[in-house]
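Below is final-v3.pdb, holding PDB, C-alpha atoms, pLDDT in the B column.
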```
ATOM      1  CA  MET A   1      90.842  77.597 105.827  1.00 49.00           C
ATOM      2  CA  LYS A   2      87.872  78.098 108.098  1.00 64.00           C
ATOM      3  CA  ASP A   3      84.832  79.660 106.430  1.00 66.00           C
ATOM      4  CA  SER A   4      85.088  82.645 108.747  1.00 63.00           C
ATOM      5  CA  LEU A   5      88.682  83.289 107.626  1.00 65.00           C
ATOM      6  CA  LYS A   6      87.632  83.035 103.986  1.00 69.00           C
ATOM      7  CA  LYS A   7      85.046  85.701 104.717  1.00 66.00           C
ATOM      8  CA  ILE A   8      87.608  87.877 106.495  1.00 66.00           C
ATOM      9  CA  PHE A   9      90.492  87.626 104.043  1.00 67.00           C
ATOM     10  CA  SER A  10      89.021  86.799 100.653  1.00 65.00           C
ATOM     11  CA  ARG A  11      87.901  90.285  99.686  1.00 62.00           C
ATOM     12  CA  SER A  12      89.702  92.617 102.057  1.00 75.00           C
ATOM     13  CA  PHE A  13      93.147  93.095 100.436  1.00 84.00           C
ATOM     14  CA  ASP A  14      93.229  96.769  99.569  1.00 93.00           C
ATOM     15  CA  GLN A  15      96.621  98.315 100.292  1.00 96.00           C
ATOM     16  CA  ILE A  16     100.240  98.406  99.239  1.00 97.00           C
ATOM     17  CA  CYS A  17     102.842 100.553 101.003  1.00 98.00           C
ATOM     18  CA  PHE A  18     106.228 101.889 100.010  1.00 98.00           C
ATOM     19  CA  VAL A  19     108.722 103.439 102.448  1.00 98.00           C
ATOM     20  CA  VAL A  20     109.968 106.715 100.988  1.00 97.00           C
ATOM     21  CA  PRO A  21     112.451 109.371 102.147  1.00 95.00           C
ATOM     22  CA  ASP A  22     110.303 112.266 100.857  1.00 96.00           C
ATOM     23  CA  ILE A  23     106.509 111.944 100.758  1.00 97.00           C
ATOM     24  CA  GLU A  24     105.877 115.019  98.617  1.00 97.00           C
ATOM     25  CA  GLU A  25     108.445 113.903  96.025  1.00 97.00           C
ATOM     26  CA  ALA A  26     106.946 110.402  95.971  1.00 97.00           C
ATOM     27  CA  ILE A  27     103.435 111.839  95.524  1.00 97.00           C
ATOM     28  CA  GLU A  28     104.643 113.878  92.548  1.00 97.00           C
ATOM     29  CA  TYR A  29     106.069 110.704  91.039  1.00 97.00           C
ATOM     30  CA  TRP A  30     102.760 108.849  91.497  1.00 97.00           C
ATOM     31  CA  LYS A  31     100.823 111.795  90.048  1.00 96.00           C
ATOM     32  CA  HIS A  32     102.979 112.153  86.940  1.00 96.00           C
ATOM     33  CA  THR A  33     103.746 108.493  86.341  1.00 96.00           C
ATOM     34  CA  ASN A  34     100.530 106.776  87.409  1.00 95.00           C
ATOM     35  CA  GLY A  35      97.916 109.525  87.233  1.00 94.00           C
ATOM     36  CA  ILE A  36      96.874 109.462  90.883  1.00 95.00           C
ATOM     37  CA  GLU A  37      95.875 113.058  91.609  1.00 94.00           C
ATOM     38  CA  ALA A  38      94.021 112.971  94.952  1.00 95.00           C
ATOM     39  CA  TRP A  39      96.279 112.510  97.997  1.00 96.00           C
ATOM     40  CA  ASN A  40      96.059 112.993 101.745  1.00 94.00           C
ATOM     41  CA  VAL A  41      99.252 113.570 103.731  1.00 95.00           C
ATOM     42  CA  ALA A  42      99.210 112.874 107.449  1.00 93.00           C
ATOM     43  CA  HIS A  43     102.276 114.281 109.208  1.00 94.00           C
ATOM     44  CA  ASP A  44     103.254 112.979 112.656  1.00 94.00           C
ATOM     45  CA  LEU A  45     100.673 110.224 112.317  1.00 92.00           C
ATOM     46  CA  ALA A  46     101.848 108.218 115.323  1.00 93.00           C
ATOM     47  CA  LEU A  47     102.141 111.219 117.655  1.00 92.00           C
ATOM     48  CA  HIS A  48      98.790 110.613 119.387  1.00 91.00           C
ATOM     49  CA  GLN A  49      98.539 106.885 118.826  1.00 95.00           C
ATOM     50  CA  THR A  50      98.308 104.565 121.798  1.00 96.00           C
ATOM     51  CA  GLU A  51      99.071 100.906 122.331  1.00 97.00           C
ATOM     52  CA  LYS A  52     102.198 101.341 120.208  1.00 98.00           C
ATOM     53  CA  GLU A  53     104.257  98.164 119.902  1.00 98.00           C
ATOM     54  CA  TYR A  54     107.548  97.315 118.284  1.00 98.00           C
ATOM     55  CA  TYR A  55     108.369  93.577 118.369  1.00 98.00           C
ATOM     56  CA  GLY A  56     106.518  93.017 121.640  1.00 97.00           C
ATOM     57  CA  GLN A  57     107.928  96.079 123.410  1.00 98.00           C
ATOM     58  CA  PRO A  58     106.360  99.526 123.908  1.00 98.00           C
ATOM     59  CA  GLY A  59     106.802 101.504 120.697  1.00 97.00           C
ATOM     60  CA  ASN A  60     108.436 104.914 120.409  1.00 97.00           C
ATOM     61  CA  PHE A  61     108.107 105.292 116.635  1.00 98.00           C
ATOM     62  CA  GLN A  62     107.023 108.324 114.684  1.00 98.00           C
ATOM     63  CA  PHE A  63     106.055 108.412 111.032  1.00 97.00           C
ATOM     64  CA  SER A  64     104.141 110.331 108.389  1.00 97.00           C
ATOM     65  CA  CYS A  65     102.140 108.889 105.491  1.00 96.00           C
ATOM     66  CA  GLY A  66     100.674 109.921 102.170  1.00 97.00           C
ATOM     67  CA  TYR A  67      97.524 108.155 100.962  1.00 96.00           C
ATOM     68  CA  GLY A  68      96.078 107.912  97.465  1.00 96.00           C
ATOM     69  CA  TYR A  69      94.105 105.328  95.508  1.00 95.00           C
ATOM     70  CA  ALA A  70      94.949 103.454  92.324  1.00 95.00           C
ATOM     71  CA  GLY A  71      91.488 102.128  91.533  1.00 93.00           C
ATOM     72  CA  GLU A  72      90.404 100.056  94.537  1.00 92.00           C
ATOM     73  CA  THR A  73      93.929  99.818  95.981  1.00 95.00           C
ATOM     74  CA  LEU A  74      95.140 102.215  98.655  1.00 96.00           C
ATOM     75  CA  ILE A  75      98.688 103.399  97.961  1.00 97.00           C
ATOM     76  CA  GLU A  76     100.453 104.305 101.182  1.00 97.00           C
ATOM     77  CA  LEU A  77     103.743 106.214 101.143  1.00 98.00           C
ATOM     78  CA  ALA A  78     105.340 105.959 104.590  1.00 98.00           C
ATOM     79  CA  ARG A  79     108.220 108.039 105.901  1.00 97.00           C
ATOM     80  CA  HIS A  80     110.134 107.129 109.051  1.00 97.00           C
ATOM     81  CA  ASP A  81     110.356 110.217 111.292  1.00 98.00           C
ATOM     82  CA  GLY A  82     111.934 108.793 114.450  1.00 97.00           C
ATOM     83  CA  GLY A  83     112.224 106.044 117.024  1.00 98.00           C
ATOM     84  CA  ASP A  84     112.370 102.304 116.455  1.00 98.00           C
ATOM     85  CA  SER A  85     110.198 101.174 113.563  1.00 98.00           C
ATOM     86  CA  VAL A  86     109.943  98.597 110.839  1.00 98.00           C
ATOM     87  CA  TYR A  87     110.208 101.536 108.416  1.00 98.00           C
ATOM     88  CA  ASN A  88     113.643 102.431 109.755  1.00 97.00           C
ATOM     89  CA  ASP A  89     114.658  98.764 109.764  1.00 97.00           C
ATOM     90  CA  TRP A  90     113.630  98.582 106.089  1.00 96.00           C
ATOM     91  CA  ILE A  91     115.705 101.653 105.222  1.00 95.00           C
ATOM     92  CA  GLN A  92     118.748 100.484 107.213  1.00 95.00           C
ATOM     93  CA  SER A  93     118.691  97.064 105.535  1.00 94.00           C
ATOM     94  CA  GLY A  94     118.615  98.636 102.062  1.00 93.00           C
ATOM     95  CA  GLN A  95     115.287  97.047 101.124  1.00 90.00           C
ATOM     96  CA  LYS A  96     113.447  98.247  98.029  1.00 87.00           C
ATOM     97  CA  GLY A  97     109.965  97.571  96.723  1.00 91.00           C
ATOM     98  CA  PRO A  98     106.721  97.103  98.593  1.00 96.00           C
ATOM     99  CA  HIS A  99     107.124  97.358 102.361  1.00 98.00           C
ATOM    100  CA  HIS A 100     103.756  95.825 103.165  1.00 97.00           C
ATOM    101  CA  VAL A 101     100.444  94.755 101.770  1.00 97.00           C
ATOM    102  CA  GLY A 102      97.342  95.471 103.792  1.00 96.00           C
ATOM    103  CA  PHE A 103      94.138  93.660 104.604  1.00 94.00           C
ATOM    104  CA  ARG A 104      91.370  95.989 105.727  1.00 93.00           C
ATOM    105  CA  LEU A 105      89.033  94.203 108.093  1.00 92.00           C
ATOM    106  CA  THR A 106      85.429  95.265 108.475  1.00 88.00           C
ATOM    107  CA  THR A 107      84.988  95.158 112.241  1.00 90.00           C
ATOM    108  CA  PRO A 108      87.109  95.055 115.388  1.00 93.00           C
ATOM    109  CA  GLU A 109      85.905  91.453 115.832  1.00 92.00           C
ATOM    110  CA  ASP A 110      87.131  90.455 112.345  1.00 90.00           C
ATOM    111  CA  TYR A 111      90.437  92.176 113.116  1.00 93.00           C
ATOM    112  CA  ALA A 112      90.808  90.230 116.379  1.00 94.00           C
ATOM    113  CA  GLU A 113      90.027  86.957 114.596  1.00 92.00           C
ATOM    114  CA  ALA A 114      92.551  87.707 111.843  1.00 92.00           C
ATOM    115  CA  GLU A 115      95.215  88.580 114.429  1.00 94.00           C
ATOM    116  CA  GLN A 116      94.526  85.366 116.311  1.00 94.00           C
ATOM    117  CA  HIS A 117      94.854  83.411 113.058  1.00 92.00           C
ATOM    118  CA  TYR A 118      98.203  85.056 112.228  1.00 94.00           C
ATOM    119  CA  GLN A 119      99.541  84.433 115.732  1.00 95.00           C
ATOM    120  CA  GLN A 120      98.439  80.786 115.630  1.00 93.00           C
ATOM    121  CA  ALA A 121     100.223  80.501 112.267  1.00 92.00           C
ATOM    122  CA  GLY A 122     103.417  81.547 114.069  1.00 96.00           C
ATOM    123  CA  LEU A 123     103.714  84.992 112.499  1.00 96.00           C
ATOM    124  CA  VAL A 124     105.426  87.670 114.595  1.00 98.00           C
ATOM    125  CA  LYS A 125     103.749  91.003 115.220  1.00 98.00           C
ATOM    126  CA  ALA A 126     106.431  93.517 114.289  1.00 98.00           C
ATOM    127  CA  MET A 127     104.715  96.851 114.914  1.00 98.00           C
ATOM    128  CA  ALA A 128     101.247  98.016 115.917  1.00 98.00           C
ATOM    129  CA  GLY A 129      99.231 100.971 117.139  1.00 98.00           C
ATOM    130  CA  TYR A 130      95.819 102.416 117.771  1.00 97.00           C
ATOM    131  CA  PHE A 131      94.426 105.811 116.838  1.00 92.00           C
ATOM    132  CA  SER A 132      91.201 107.185 118.257  1.00 89.00           C
ATOM    133  CA  GLY A 133      90.010 110.551 117.102  1.00 82.00           C
ATOM    134  CA  PRO A 134      86.979 112.712 116.531  1.00 83.00           C
ATOM    135  CA  PHE A 135      86.379 111.154 113.090  1.00 85.00           C
ATOM    136  CA  GLY A 136      86.766 107.487 114.049  1.00 90.00           C
ATOM    137  CA  ASP A 137      89.257 104.884 115.098  1.00 92.00           C
ATOM    138  CA  CYS A 138      91.986 102.863 113.428  1.00 94.00           C
ATOM    139  CA  ARG A 139      93.760  99.810 114.804  1.00 97.00           C
ATOM    140  CA  TRP A 140      96.613  98.337 112.813  1.00 97.00           C
ATOM    141  CA  SER A 141      99.401  95.796 113.074  1.00 98.00           C
ATOM    142  CA  TYR A 142     102.217  94.638 110.823  1.00 98.00           C
ATOM    143  CA  TYR A 143     103.107  90.971 110.806  1.00 98.00           C
ATOM    144  CA  ASP A 144     106.513  89.834 109.629  1.00 97.00           C
ATOM    145  CA  THR A 145     105.803  87.877 106.455  1.00 96.00           C
ATOM    146  CA  ARG A 146     109.049  88.831 104.713  1.00 96.00           C
ATOM    147  CA  GLU A 147     110.250  85.222 104.634  1.00 95.00           C
ATOM    148  CA  GLN A 148     106.993  84.085 103.014  1.00 94.00           C
ATOM    149  CA  ILE A 149     106.197  86.944 100.600  1.00 94.00           C
ATOM    150  CA  GLY A 150     109.085  89.411 100.739  1.00 94.00           C
ATOM    151  CA  CYS A 151     107.310  92.124 102.714  1.00 96.00           C
ATOM    152  CA  PHE A 152     105.234  92.676 105.842  1.00 97.00           C
ATOM    153  CA  THR A 153     101.465  92.169 105.995  1.00 96.00           C
ATOM    154  CA  GLU A 154      99.225  94.718 107.693  1.00 97.00           C
ATOM    155  CA  LEU A 155      95.915  93.965 109.330  1.00 96.00           C
ATOM    156  CA  TYR A 156      93.779  97.010 110.067  1.00 95.00           C
ATOM    157  CA  TYR A 157      90.292  98.405 110.476  1.00 94.00           C
ATOM    158  CA  VAL A 158      88.819 101.879 110.511  1.00 93.00           C
ATOM    159  CA  THR A 159      85.549 103.089 111.990  1.00 92.00           C
ATOM    160  CA  GLY A 160      83.369 106.150 111.802  1.00 91.00           C
ATOM    161  CA  GLU A 161      83.864 108.986 109.379  1.00 91.00           C
ATOM    162  CA  ILE A 162      87.396 107.827 108.517  1.00 89.00           C
ATOM    163  CA  ALA A 163      85.911 104.992 106.444  1.00 88.00           C
ATOM    164  CA  GLU A 164      83.601 107.407 104.591  1.00 91.00           C
ATOM    165  CA  ARG A 165      86.474 109.825 103.949  1.00 90.00           C
ATOM    166  CA  MET A 166      88.596 106.986 102.565  1.00 90.00           C
ATOM    167  CA  GLU A 167      85.799 106.223 100.092  1.00 91.00           C
ATOM    168  CA  ARG A 168      85.743 109.871  99.015  1.00 92.00           C
ATOM    169  CA  LEU A 169      89.525 109.828  98.531  1.00 92.00           C
ATOM    170  CA  LYS A 170      89.159 106.618  96.516  1.00 92.00           C
ATOM    171  CA  HIS A 171      86.778 108.449  94.179  1.00 92.00           C
ATOM    172  CA  GLY A 172      89.236 111.264  93.557  1.00 89.00           C
ATOM    173  CA  GLU A 173      88.324 113.832  96.187  1.00 88.00           C
ATOM    174  CA  ALA A 174      91.349 115.341  97.943  1.00 83.00           C
ATOM    175  CA  VAL A 175      90.018 114.921 101.468  1.00 83.00           C
ATOM    176  CA  SER A 176      91.786 114.501 104.809  1.00 83.00           C
ATOM    177  CA  ILE A 177      91.276 111.087 106.302  1.00 80.00           C
ATOM    178  CA  THR A 178      93.076 111.855 109.555  1.00 75.00           C
ATOM    179  CA  SER A 179      91.902 115.268 110.764  1.00 71.00           C
TER
END
```

Rewrite the structure from the file as structure tokens, please.
Amino acid sequence: MKDSLKKIFSRSFDQICFVVPDIEEAIEYWKHTNGIEAWNVAHDLALHQTEKEYYGQPGNFQFSCGYGYAGETLIELARHDGGDSVYNDWIQSGQKGPHHVGFRLTTPEDYAEAEQHYQQAGLVKAMAGYFSGPFGDCRWSYYDTREQIGCFTELYYVTGEIAERMERLKHGEAVSITS
């Protein structure tokens, strides 16, 4: 692996996601079973996103997510709310377990390099989007790595105050990271 890819990937794994039918119920489970108290719920998260893609076509998906931290790992609880999405595909196929693992990249340039690496490796971009808001930006994409590891792999980065708010959530403060 190129030295630059080692730098990009070696320390950036930070997320695991589960697709759930009810975010609030799933949060209660994580609170009572795993002791994660601080959560942020973002309803209609894809409503204002741009550059939405679903397997190379314009995306029409809608979803909501709950976010909490188990130590250094971001736990994402995703709920399919409409349209064509890898979340709905997961539900329809009867899949269980982790939906995706995530690699948080530091900069847009690192993100672009990681995406280029995945595409050169022959991985298919399954779903992607971009959010720009008053507190920062987030670009994300899911690559289909189910054949290799049993779930998707997300590449993403955040900028601005979103990154600072995520750190506060990680340290147990119930803070919104999306509004």

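For the choices A:Asn60, A:Gln92, A:Thr73, A:Thr159, the atom-to-atom distance to His171 in chain A is smallest for A:Thr73 when using all atoms listed in the file.
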
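Closest approach to Tyr111 in chain A among A:Ala126, A:Trp140, A:Glu167, A:Glu25 is made by A:Trp140 (distances from all atoms listed in the file).
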
If we count all atoms listed in the file and set the cut-off at 10 Å, which residues sit around Pro108 in chain A, ignoring sequence neighbours fewer than 3 positions away in its own chain? Please answer as a PDB file with C-alpha atoms, in the frame of the given file.
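Written file, part22.pdb:
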```pdb
ATOM      1  CA  LEU A 105      89.033  94.203 108.093  1.00 92.00           C
ATOM      2  CA  TYR A 111      90.437  92.176 113.116  1.00 93.00           C
ATOM      3  CA  ALA A 112      90.808  90.230 116.379  1.00 94.00           C
ATOM      4  CA  GLU A 113      90.027  86.957 114.596  1.00 92.00           C
ATOM      5  CA  ALA A 114      92.551  87.707 111.843  1.00 92.00           C
ATOM      6  CA  CYS A 138      91.986 102.863 113.428  1.00 94.00           C
ATOM      7  CA  ARG A 139      93.760  99.810 114.804  1.00 97.00           C
ATOM      8  CA  TYR A 156      93.779  97.010 110.067  1.00 95.00           C
ATOM      9  CA  TYR A 157      90.292  98.405 110.476  1.00 94.00           C
ATOM     10  CA  VAL A 158      88.819 101.879 110.511  1.00 93.00           C
ATOM     11  CA  THR A 159      85.549 103.089 111.990  1.00 92.00           C
TER      12      THR A 159
END
```

Please put the answer as AutoDock Vina command-line options: centre and edge lengths, in Å with one decimal, of a box along x, y and z that encloses all listed atoms of range 171-175 of chain A plus 4 Å on each side.
```
--center_x 89.1 --center_y 111.9 --center_z 97.5 --size_x 12.6 --size_y 14.9 --size_z 15.9
```

**Study point:** Non-local contacts of range 64-66 of chain A (6 Å; all atoms listed in the file; under 3 positions in same chain excluded) as an NGL selection string
**Key:** :A and (40-45 or 76-79)

Practice item. Please provide the set of residues having any atom within 8 Å of Asp137 in chain A, restricted to all atoms listed in the file, with same-chain residues fewer than 2 positions apart removed, written as a PyMOL selection string. Key: chain A and resi 130-133+135+139+158-160+162

Only C-alpha atoms, please: the residues just picked out, written as a PDB file, in the frame of the given file.
```
ATOM      1  CA  TYR A 130      95.819 102.416 117.771  1.00 97.00           C
ATOM      2  CA  PHE A 131      94.426 105.811 116.838  1.00 92.00           C
ATOM      3  CA  SER A 132      91.201 107.185 118.257  1.00 89.00           C
ATOM      4  CA  GLY A 133      90.010 110.551 117.102  1.00 82.00           C
ATOM      5  CA  PHE A 135      86.379 111.154 113.090  1.00 85.00           C
ATOM      6  CA  ARG A 139      93.760  99.810 114.804  1.00 97.00           C
ATOM      7  CA  VAL A 158      88.819 101.879 110.511  1.00 93.00           C
ATOM      8  CA  THR A 159      85.549 103.089 111.990  1.00 92.00           C
ATOM      9  CA  GLY A 160      83.369 106.150 111.802  1.00 91.00           C
ATOM     10  CA  ILE A 162      87.396 107.827 108.517  1.00 89.00           C
TER      11      ILE A 162
END
```

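Take CA of Gly35 in chain A and CA of Trp90 in chain A: the distance between them is 26.9 Å.
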
Practice item. Show me as a PyMOL selection string the residues that reach within 9 Å of (112.2, 105.8, 117.8), counting only C-alpha atoms and using the file's own coordinates. Key: chain A and resi 59-62+81-85+88

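Residue membership of the PyMOL selection byres ((chain A and resi 75) around 9) in the shown file amounts to A:Asp14, A:Gln15, A:Ile16, A:Cys17, A:Phe18, A:Gly66, A:Tyr67, A:Gly68, A:Tyr69, A:Ala70, A:Thr73, A:Leu74, A:Glu76, A:Leu77.
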
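The smallest atom-to-atom distance between Gly122 in chain A and any of A:Cys151, A:Gly102, A:Glu109, A:Asp144, using only C-alpha atoms, is found for A:Asp144.
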
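For the pair CA of Ile91 in chain A and CA of Gln148 in chain A, the interatomic distance is 19.7 Å.
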
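Ranking A:Trp39, A:Phe152, A:Phe13, A:Tyr55 by their shortest atom-to-atom distance to Gln95 in chain A, with only C-alpha atoms included, puts A:Phe152 first.
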
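Rounded to one decimal, CA of His99 in chain A and CA of Glu161 in chain A lie 26.9 Å from each other.
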
Point to revise | Of the listed residues A:His117, A:Asp110, A:Arg104, A:Lys170, that which approaches Leu155 in chain A most closely, counting only C-alpha atoms | key: A:Arg104
